[in-house]
Amino acid sequence: MSGYCAIAPGHPIHGDYHDTEYGFPQREESVLFERLLLEINQAGLSWETILRKRAAFRAAYSGFDVDQVAAYGEADITRLLADAGIIRNRLKVLAAIHNAQVIQTLRASHGSFAAWLDAHHPLEKADWVKLFKRTFRFTGGEITGEFLMSLGYLPGAHHEGCPAFAAAARHKPAWMQASKPLMARGHTESAKTKK
């Protein structure tokens, strides 16, 4: 059962994200890139800190436009590392730029980031983690798991009694469409309440 469902509904910071985004499928490249960038930046911090800084991240990273971020150079890196509104971690900044460049290559090979995710679904979490470590930077097990859970590729974002579970289910998340439902093969639980 997701502990996030116990604390997030009605919360001034977590509420809307929990109720309308977390576990809901997304296709738009900038939304997928935003989610990846935010999950990477959450490493070592609370999700609430990231949600509070979300608007600053959007402004700092060109509205999460993949092509703009992929083209960032030294001046942009210096600007990001000086921006108190975001997480000023050089490895995370460099990962954002690198990962934007990777997403550009996924367009060439699969048509889009979303199509690349679809092409690898369904995988067990451990296999997703291996794939992400080979493909992206700064994507360990928790980051990869939360990213995929937040987009409906892995189950566990909400417990079945949570109203957001039913709302997300109406959008037919990928984990519900798997030939062998992932829920039956091992439930993954949200780590949103760990820090």
# chains A, B, ... in the order shown; residues from 1 in each chain; ligands from 1
call {"tool": "select_by_dssp", "arguments": {"residues": "region 9-78 of chain A", "states": "helix (DSSP H, G or I)", "output": "CSV table (one decimal) with N, CA, C and O atoms, in the first residue's frame"}}
result
chain,number,residue,atom,x,y,z
A,15,GLY,N,-0.8,17.5,-2.7
A,15,GLY,CA,-2.1,17.1,-3.1
A,15,GLY,C,-2.4,17.0,-4.6
A,15,GLY,O,-2.8,16.0,-5.1
A,16,ASP,N,-2.2,18.1,-5.3
A,16,ASP,CA,-2.5,18.1,-6.7
A,16,ASP,C,-1.6,17.1,-7.5
A,16,ASP,O,-2.1,16.4,-8.4
A,17,TYR,N,-0.3,17.1,-7.2
A,17,TYR,CA,0.5,16.1,-7.9
A,17,TYR,C,0.0,14.7,-7.7
A,17,TYR,O,-0.1,13.9,-8.6
A,18,HIS,N,-0.3,14.3,-6.4
A,18,HIS,CA,-0.8,13.0,-6.1
A,18,HIS,C,-2.1,12.7,-6.8
A,18,HIS,O,-2.3,11.6,-7.4
A,19,ASP,N,-3.0,13.6,-6.8
A,19,ASP,CA,-4.4,13.4,-7.3
A,19,ASP,C,-4.5,13.4,-8.9
A,19,ASP,O,-5.4,12.8,-9.4
A,20,THR,N,-3.6,14.1,-9.5
A,20,THR,CA,-3.7,14.3,-11.0
A,20,THR,C,-2.6,14.0,-11.9
A,20,THR,O,-2.7,13.9,-13.1
A,29,GLU,N,6.8,14.8,-24.6
A,29,GLU,CA,8.3,14.7,-24.3
A,29,GLU,C,8.7,15.6,-23.2
A,29,GLU,O,9.5,15.2,-22.3
A,30,SER,N,8.3,16.9,-23.1
A,30,SER,CA,8.7,17.8,-22.1
A,30,SER,C,8.2,17.4,-20.7
A,30,SER,O,8.9,17.6,-19.7
A,31,VAL,N,7.1,16.7,-20.7
A,31,VAL,CA,6.6,16.2,-19.4
A,31,VAL,C,7.4,15.0,-18.9
A,31,VAL,O,7.8,14.9,-17.7
A,32,LEU,N,7.7,14.1,-19.8
A,32,LEU,CA,8.6,13.0,-19.5
A,32,LEU,C,10.0,13.4,-19.1
A,32,LEU,O,10.5,12.9,-18.1
A,33,PHE,N,10.5,14.4,-19.8
A,33,PHE,CA,11.8,14.9,-19.4
A,33,PHE,C,11.8,15.6,-18.1
A,33,PHE,O,12.7,15.4,-17.2
A,34,GLU,N,10.7,16.4,-17.8
A,34,GLU,CA,10.6,17.0,-16.5
A,34,GLU,C,10.6,16.0,-15.4
A,34,GLU,O,11.3,16.2,-14.4
A,35,ARG,N,9.8,15.0,-15.6
A,35,ARG,CA,9.7,14.0,-14.5
A,35,ARG,C,11.0,13.3,-14.3
A,35,ARG,O,11.4,13.1,-13.1
A,36,LEU,N,11.8,13.0,-15.3
A,36,LEU,CA,13.1,12.4,-15.2
A,36,LEU,C,14.0,13.3,-14.4
A,36,LEU,O,14.7,12.9,-13.5
A,37,LEU,N,14.0,14.6,-14.9
A,37,LEU,CA,14.9,15.6,-14.2
A,37,LEU,C,14.6,15.8,-12.8
A,37,LEU,O,15.4,15.8,-11.9
A,38,LEU,N,13.3,15.9,-12.5
A,38,LEU,CA,12.9,16.1,-11.1
A,38,LEU,C,13.2,14.8,-10.2
A,38,LEU,O,13.7,15.0,-9.1
A,39,GLU,N,13.0,13.7,-10.7
A,39,GLU,CA,13.3,12.4,-10.0
A,39,GLU,C,14.8,12.4,-9.7
A,39,GLU,O,15.2,12.0,-8.6
A,40,ILE,N,15.6,12.7,-10.7
A,40,ILE,CA,17.1,12.7,-10.5
A,40,ILE,C,17.5,13.7,-9.4
A,40,ILE,O,18.3,13.5,-8.5
A,41,ASN,N,16.8,14.9,-9.4
A,41,ASN,CA,17.2,15.9,-8.5
A,41,ASN,C,16.7,15.6,-7.1
A,41,ASN,O,17.2,16.2,-6.1
A,42,GLN,N,15.7,14.7,-7.0
A,42,GLN,CA,15.2,14.4,-5.6
A,42,GLN,C,16.2,13.5,-4.9
A,42,GLN,O,16.1,13.5,-3.6
A,47,TRP,N,10.7,14.7,-1.6
A,47,TRP,CA,9.9,15.0,-2.8
A,47,TRP,C,9.2,16.4,-2.6
A,47,TRP,O,9.0,17.1,-3.6
A,48,GLU,N,8.9,16.7,-1.4
A,48,GLU,CA,8.3,18.1,-1.1
A,48,GLU,C,9.2,19.2,-1.5
A,48,GLU,O,8.8,20.2,-2.1
A,49,THR,N,10.5,19.0,-1.2
A,49,THR,CA,11.5,20.0,-1.6
A,49,THR,C,11.5,20.2,-3.1
A,49,THR,O,11.5,21.4,-3.6
A,50,ILE,N,11.4,19.1,-3.9
A,50,ILE,CA,11.4,19.2,-5.3
A,50,ILE,C,10.1,19.8,-5.8
A,50,ILE,O,10.2,20.7,-6.7
A,51,LEU,N,9.0,19.5,-5.3
A,51,LEU,CA,7.7,20.1,-5.7
A,51,LEU,C,7.7,21.6,-5.4
A,51,LEU,O,7.2,22.4,-6.2
A,52,ARG,N,8.3,22.0,-4.3
A,52,ARG,CA,8.3,23.4,-4.0
A,52,ARG,C,9.2,24.2,-5.0
A,52,ARG,O,9.0,25.4,-5.3
A,54,ARG,N,9.6,23.3,-8.2
A,54,ARG,CA,9.3,22.8,-9.5
A,54,ARG,C,9.2,24.0,-10.5
A,54,ARG,O,9.7,23.9,-11.6
A,55,ALA,N,8.6,25.1,-10.1
A,55,ALA,CA,8.5,26.3,-11.0
A,55,ALA,C,9.9,26.8,-11.3
A,55,ALA,O,10.2,27.2,-12.5
A,56,ALA,N,10.8,26.8,-10.3
A,56,ALA,CA,12.1,27.3,-10.6
A,56,ALA,C,12.9,26.4,-11.5
A,56,ALA,O,13.7,26.8,-12.4
A,57,PHE,N,12.7,25.1,-11.4
A,57,PHE,CA,13.3,24.1,-12.3
A,57,PHE,C,12.8,24.4,-13.7
A,57,PHE,O,13.6,24.4,-14.7
A,58,ARG,N,11.5,24.6,-13.8
A,58,ARG,CA,10.9,24.9,-15.2
A,58,ARG,C,11.6,26.1,-15.8
A,58,ARG,O,11.9,26.1,-17.0
A,59,ALA,N,11.7,27.2,-15.0
A,59,ALA,CA,12.3,28.4,-15.6
A,59,ALA,C,13.8,28.2,-15.9
A,59,ALA,O,14.3,28.6,-16.9
A,60,ALA,N,14.5,27.5,-15.0
A,60,ALA,CA,16.0,27.3,-15.2
A,60,ALA,C,16.3,26.4,-16.3
A,60,ALA,O,17.3,26.6,-17.0
A,62,SER,N,14.6,25.9,-19.2
A,62,SER,CA,13.9,26.2,-20.5
A,62,SER,C,12.6,25.5,-20.7
A,62,SER,O,12.3,25.1,-21.8
A,63,GLY,N,11.8,25.5,-19.6
A,63,GLY,CA,10.5,24.9,-19.7
A,63,GLY,C,10.6,23.4,-20.0
A,63,GLY,O,9.6,22.8,-20.6
A,64,PHE,N,11.7,22.8,-19.7
A,64,PHE,CA,12.0,21.3,-20.0
A,64,PHE,C,11.9,21.0,-21.5
A,64,PHE,O,11.6,19.9,-21.9
A,66,VAL,N,13.6,19.7,-24.5
A,66,VAL,CA,14.7,18.8,-24.6
A,66,VAL,C,15.8,19.4,-25.5
A,66,VAL,O,17.0,19.3,-25.2
A,67,ASP,N,15.4,20.0,-26.7
A,67,ASP,CA,16.4,20.5,-27.6
A,67,ASP,C,17.2,21.7,-27.0
A,67,ASP,O,18.4,21.8,-27.2
A,68,GLN,N,16.5,22.5,-26.3
A,68,GLN,CA,17.2,23.7,-25.6
A,68,GLN,C,18.2,23.2,-24.6
A,68,GLN,O,19.4,23.6,-24.5
A,69,VAL,N,17.8,22.2,-23.7
A,69,VAL,CA,18.6,21.7,-22.7
A,69,VAL,C,19.8,20.9,-23.3
A,69,VAL,O,20.9,21.0,-22.8
A,70,ALA,N,19.5,20.2,-24.3
A,70,ALA,CA,20.6,19.4,-24.9
A,70,ALA,C,21.7,20.3,-25.5
A,70,ALA,O,22.9,19.9,-25.6
A,74,GLU,N,28.8,25.7,-21.4
A,74,GLU,CA,29.4,26.1,-20.1
A,74,GLU,C,28.7,27.2,-19.4
A,74,GLU,O,28.6,27.3,-18.2
A,75,ALA,N,28.3,28.2,-20.2
A,75,ALA,CA,27.6,29.4,-19.6
A,75,ALA,C,26.3,28.9,-18.9
A,75,ALA,O,26.0,29.4,-17.8
A,76,ASP,N,25.6,28.0,-19.5
A,76,ASP,CA,24.4,27.5,-18.9
A,76,ASP,C,24.7,26.7,-17.7
A,76,ASP,O,23.9,26.8,-16.7
A,77,ILE,N,25.7,25.9,-17.7
A,77,ILE,CA,26.1,25.1,-16.5
A,77,ILE,C,26.4,26.1,-15.4
A,77,ILE,O,26.0,25.9,-14.2
A,78,THR,N,27.2,27.1,-15.6
A,78,THR,CA,27.5,28.1,-14.6
A,78,THR,C,26.3,28.8,-14.1
A,78,THR,O,26.1,29.0,-12.9
call {"tool": "residues_around", "arguments": {"residues": "Ala115 (chain A)", "least_positions_apart": "2", "cutoff": "12 Å", "atoms": "only C-alpha atoms", "output": "list in words"}}
result
Gln26, Arg27, Glu28, Glu29, Leu32, Ile103, Leu106, Arg107, Ala108, Ser109, His110, Gly111, Ser112, Phe113, Leu117, Asp118, Ala119, His120 and His121 of chain A
call {"tool": "atom_distance", "arguments": {"atom1": "CA of Leu91 (chain A)", "atom2": "CA of Lys53 (chain A)"}}
result
18.1 Å
call {"tool": "residues_around", "arguments": {"residues": "Tyr153 (chain A)", "least_positions_apart": "5", "cutoff": "9 Å", "atoms": "only C-alpha atoms", "output": "number ranges by chain"}}
result
A: 23, 25, 117-118, 121-123, 147-148, 173-176
call {"tool": "residues_around", "arguments": {"residues": "region 163-165 of chain A", "least_positions_apart": "4", "cutoff": "10 Å", "atoms": "only C-alpha atoms", "output": "JSON, numbers by chain"}}
result
{"A": [5, 9, 18, 19, 20, 21, 22, 23, 24, 156, 157, 158, 159, 169, 170]}
call {"tool": "closest_residue", "arguments": {"among": "A:Leu45, A:Glu146, A:Leu81, A:Lys133", "to": "Tyr61 (chain A)", "atoms": "only C-alpha atoms"}}
result
A:Leu81
call {"tool": "closest_residue", "arguments": {"among": "A:Arg137, A:His14, A:Lys192, A:His171", "to": "Ala96 (chain A)", "atoms": "only C-alpha atoms"}}
result
A:Arg137
call {"tool": "closest_residue", "arguments": {"among": "A:Trp128, A:Ile7, A:Gly145, A:Tyr72", "to": "Ala95 (chain A)", "atoms": "only C-alpha atoms"}}
result
A:Tyr72
call {"tool": "atom_distance", "arguments": {"atom1": "CA of Ala84 (chain A)", "atom2": "CA of Asp65 (chain A)"}}
result
20.7 Å
call {"tool": "decode", "arguments": {"residues": "region 117-147 of chain A", "atoms": "N, CA, C and O atoms", "output": "PDB file, in the first residue's frame"}}
result
ATOM      1  N   LEU A 117      10.002   4.043 -24.340  1.00  0.00           N
ATOM      2  CA  LEU A 117       9.494   3.407 -23.124  1.00  0.00           C
ATOM      3  C   LEU A 117       8.525   2.282 -23.474  1.00  0.00           C
ATOM      4  O   LEU A 117       8.611   1.184 -22.931  1.00  0.00           O
ATOM      5  N   ASP A 118       7.626   2.566 -24.396  1.00  0.00           N
ATOM      6  CA  ASP A 118       6.644   1.554 -24.820  1.00  0.00           C
ATOM      7  C   ASP A 118       7.326   0.324 -25.414  1.00  0.00           C
ATOM      8  O   ASP A 118       6.888  -0.811 -25.191  1.00  0.00           O
ATOM      9  N   ALA A 119       8.396   0.541 -26.170  1.00  0.00           N
ATOM     10  CA  ALA A 119       9.093  -0.564 -26.836  1.00  0.00           C
ATOM     11  C   ALA A 119       9.736  -1.522 -25.836  1.00  0.00           C
ATOM     12  O   ALA A 119       9.957  -2.693 -26.159  1.00  0.00           O
ATOM     13  N   HIS A 120      10.014  -1.036 -24.633  1.00  0.00           N
ATOM     14  CA  HIS A 120      10.656  -1.877 -23.621  1.00  0.00           C
ATOM     15  C   HIS A 120       9.678  -2.406 -22.572  1.00  0.00           C
ATOM     16  O   HIS A 120      10.070  -3.154 -21.687  1.00  0.00           O
ATOM     17  N   HIS A 121       8.429  -2.014 -22.682  1.00  0.00           N
ATOM     18  CA  HIS A 121       7.424  -2.448 -21.703  1.00  0.00           C
ATOM     19  C   HIS A 121       6.785  -3.746 -22.172  1.00  0.00           C
ATOM     20  O   HIS A 121       6.525  -3.897 -23.362  1.00  0.00           O
ATOM     21  N   PRO A 122       6.484  -4.698 -21.293  1.00  0.00           N
ATOM     22  CA  PRO A 122       6.724  -4.652 -19.853  1.00  0.00           C
ATOM     23  C   PRO A 122       8.058  -5.279 -19.471  1.00  0.00           C
ATOM     24  O   PRO A 122       8.474  -6.276 -20.049  1.00  0.00           O
ATOM     25  N   LEU A 123       8.706  -4.660 -18.526  1.00  0.00           N
ATOM     26  CA  LEU A 123       9.907  -5.219 -17.921  1.00  0.00           C
ATOM     27  C   LEU A 123       9.726  -5.243 -16.410  1.00  0.00           C
ATOM     28  O   LEU A 123       8.963  -4.442 -15.859  1.00  0.00           O
ATOM     29  N   GLU A 124      10.424  -6.126 -15.769  1.00  0.00           N
ATOM     30  CA  GLU A 124      10.488  -6.102 -14.310  1.00  0.00           C
ATOM     31  C   GLU A 124      11.319  -4.877 -13.919  1.00  0.00           C
ATOM     32  O   GLU A 124      12.160  -4.404 -14.702  1.00  0.00           O
ATOM     33  N   LYS A 125      11.126  -4.403 -12.694  1.00  0.00           N
ATOM     34  CA  LYS A 125      11.853  -3.218 -12.260  1.00  0.00           C
ATOM     35  C   LYS A 125      13.368  -3.390 -12.411  1.00  0.00           C
ATOM     36  O   LYS A 125      14.054  -2.483 -12.894  1.00  0.00           O
ATOM     37  N   ALA A 126      13.908  -4.525 -12.023  1.00  0.00           N
ATOM     38  CA  ALA A 126      15.360  -4.743 -12.111  1.00  0.00           C
ATOM     39  C   ALA A 126      15.864  -4.605 -13.542  1.00  0.00           C
ATOM     40  O   ALA A 126      16.953  -4.062 -13.779  1.00  0.00           O
ATOM     41  N   ASP A 127      15.072  -5.061 -14.511  1.00  0.00           N
ATOM     42  CA  ASP A 127      15.467  -4.935 -15.919  1.00  0.00           C
ATOM     43  C   ASP A 127      15.364  -3.501 -16.402  1.00  0.00           C
ATOM     44  O   ASP A 127      16.189  -3.038 -17.190  1.00  0.00           O
ATOM     45  N   TRP A 128      14.346  -2.784 -15.935  1.00  0.00           N
ATOM     46  CA  TRP A 128      14.236  -1.351 -16.246  1.00  0.00           C
ATOM     47  C   TRP A 128      15.470  -0.619 -15.719  1.00  0.00           C
ATOM     48  O   TRP A 128      16.043   0.239 -16.407  1.00  0.00           O
ATOM     49  N   VAL A 129      15.851  -0.924 -14.494  1.00  0.00           N
ATOM     50  CA  VAL A 129      17.001  -0.242 -13.877  1.00  0.00           C
ATOM     51  C   VAL A 129      18.261  -0.475 -14.697  1.00  0.00           C
ATOM     52  O   VAL A 129      19.017   0.469 -14.981  1.00  0.00           O
ATOM     53  N   LYS A 130      18.501  -1.710 -15.132  1.00  0.00           N
ATOM     54  CA  LYS A 130      19.667  -2.008 -15.971  1.00  0.00           C
ATOM     55  C   LYS A 130      19.624  -1.207 -17.264  1.00  0.00           C
ATOM     56  O   LYS A 130      20.629  -0.649 -17.708  1.00  0.00           O
ATOM     57  N   LEU A 131      18.451  -1.169 -17.888  1.00  0.00           N
ATOM     58  CA  LEU A 131      18.279  -0.423 -19.137  1.00  0.00           C
ATOM     59  C   LEU A 131      18.553   1.062 -18.937  1.00  0.00           C
ATOM     60  O   LEU A 131      19.265   1.691 -19.727  1.00  0.00           O
ATOM     61  N   PHE A 132      17.995   1.637 -17.877  1.00  0.00           N
ATOM     62  CA  PHE A 132      18.193   3.067 -17.624  1.00  0.00           C
ATOM     63  C   PHE A 132      19.651   3.370 -17.291  1.00  0.00           C
ATOM     64  O   PHE A 132      20.184   4.399 -17.730  1.00  0.00           O
ATOM     65  N   LYS A 133      20.307   2.503 -16.550  1.00  0.00           N
ATOM     66  CA  LYS A 133      21.721   2.733 -16.234  1.00  0.00           C
ATOM     67  C   LYS A 133      22.583   2.698 -17.498  1.00  0.00           C
ATOM     68  O   LYS A 133      23.571   3.430 -17.593  1.00  0.00           O
ATOM     69  N   ARG A 134      22.208   1.858 -18.455  1.00  0.00           N
ATOM     70  CA  ARG A 134      22.941   1.799 -19.735  1.00  0.00           C
ATOM     71  C   ARG A 134      22.647   3.003 -20.618  1.00  0.00           C
ATOM     72  O   ARG A 134      23.452   3.347 -21.480  1.00  0.00           O
ATOM     73  N   THR A 135      21.478   3.605 -20.448  1.00  0.00           N
ATOM     74  CA  THR A 135      21.001   4.624 -21.374  1.00  0.00           C
ATOM     75  C   THR A 135      21.184   6.047 -20.859  1.00  0.00           C
ATOM     76  O   THR A 135      21.586   6.944 -21.614  1.00  0.00           O
ATOM     77  N   PHE A 136      20.877   6.267 -19.596  1.00  0.00           N
ATOM     78  CA  PHE A 136      20.889   7.613 -19.018  1.00  0.00           C
ATOM     79  C   PHE A 136      21.944   7.741 -17.928  1.00  0.00           C
ATOM     80  O   PHE A 136      22.530   6.752 -17.510  1.00  0.00           O
ATOM     81  N   ARG A 137      22.144   8.959 -17.455  1.00  0.00           N
ATOM     82  CA  ARG A 137      23.025   9.214 -16.317  1.00  0.00           C
ATOM     83  C   ARG A 137      22.206   9.491 -15.073  1.00  0.00           C
ATOM     84  O   ARG A 137      21.115  10.052 -15.148  1.00  0.00           O
ATOM     85  N   PHE A 138      22.771   9.118 -13.924  1.00  0.00           N
ATOM     86  CA  PHE A 138      22.197   9.396 -12.604  1.00  0.00           C
ATOM     87  C   PHE A 138      20.826   8.733 -12.443  1.00  0.00           C
ATOM     88  O   PHE A 138      19.878   9.335 -11.952  1.00  0.00           O
ATOM     89  N   THR A 139      20.726   7.495 -12.897  1.00  0.00           N
ATOM     90  CA  THR A 139      19.457   6.774 -12.795  1.00  0.00           C
ATOM     91  C   THR A 139      19.668   5.427 -12.115  1.00  0.00           C
ATOM     92  O   THR A 139      19.782   4.403 -12.768  1.00  0.00           O
ATOM     93  N   GLY A 140      19.690   5.460 -10.790  1.00  0.00           N
ATOM     94  CA  GLY A 140      19.772   4.235 -10.016  1.00  0.00           C
ATOM     95  C   GLY A 140      18.404   3.615  -9.837  1.00  0.00           C
ATOM     96  O   GLY A 140      17.414   4.026 -10.459  1.00  0.00           O
ATOM     97  N   GLY A 141      18.331   2.634  -8.961  1.00  0.00           N
ATOM     98  CA  GLY A 141      17.101   1.879  -8.775  1.00  0.00           C
ATOM     99  C   GLY A 141      15.917   2.698  -8.302  1.00  0.00           C
ATOM    100  O   GLY A 141      14.818   2.581  -8.846  1.00  0.00           O
ATOM    101  N   GLU A 142      16.115   3.532  -7.281  1.00  0.00           N
ATOM    102  CA  GLU A 142      14.980   4.308  -6.764  1.00  0.00           C
ATOM    103  C   GLU A 142      14.528   5.376  -7.752  1.00  0.00           C
ATOM    104  O   GLU A 142      13.336   5.565  -7.969  1.00  0.00           O
ATOM    105  N   ILE A 143      15.476   6.050  -8.386  1.00  0.00           N
ATOM    106  CA  ILE A 143      15.126   7.091  -9.363  1.00  0.00           C
ATOM    107  C   ILE A 143      14.362   6.472 -10.534  1.00  0.00           C
ATOM    108  O   ILE A 143      13.304   6.969 -10.940  1.00  0.00           O
ATOM    109  N   THR A 144      14.886   5.390 -11.080  1.00  0.00           N
ATOM    110  CA  THR A 144      14.234   4.727 -12.211  1.00  0.00           C
ATOM    111  C   THR A 144      12.862   4.209 -11.810  1.00  0.00           C
ATOM    112  O   THR A 144      11.872   4.405 -12.536  1.00  0.00           O
ATOM    113  N   GLY A 145      12.774   3.560 -10.657  1.00  0.00           N
ATOM    114  CA  GLY A 145      11.493   3.025 -10.195  1.00  0.00           C
ATOM    115  C   GLY A 145      10.449   4.105 -10.006  1.00  0.00           C
ATOM    116  O   GLY A 145       9.305   3.962 -10.438  1.00  0.00           O
ATOM    117  N   GLU A 146      10.836   5.211  -9.371  1.00  0.00           N
ATOM    118  CA  GLU A 146       9.884   6.309  -9.155  1.00  0.00           C
ATOM    119  C   GLU A 146       9.476   6.962 -10.470  1.00  0.00           C
ATOM    120  O   GLU A 146       8.310   7.310 -10.668  1.00  0.00           O
ATOM    121  N   PHE A 147      10.427   7.139 -11.374  1.00  0.00           N
ATOM    122  CA  PHE A 147      10.110   7.711 -12.680  1.00  0.00           C
ATOM    123  C   PHE A 147       9.063   6.864 -13.390  1.00  0.00           C
ATOM    124  O   PHE A 147       8.032   7.365 -13.852  1.00  0.00           O
TER     125      PHE A 147
END
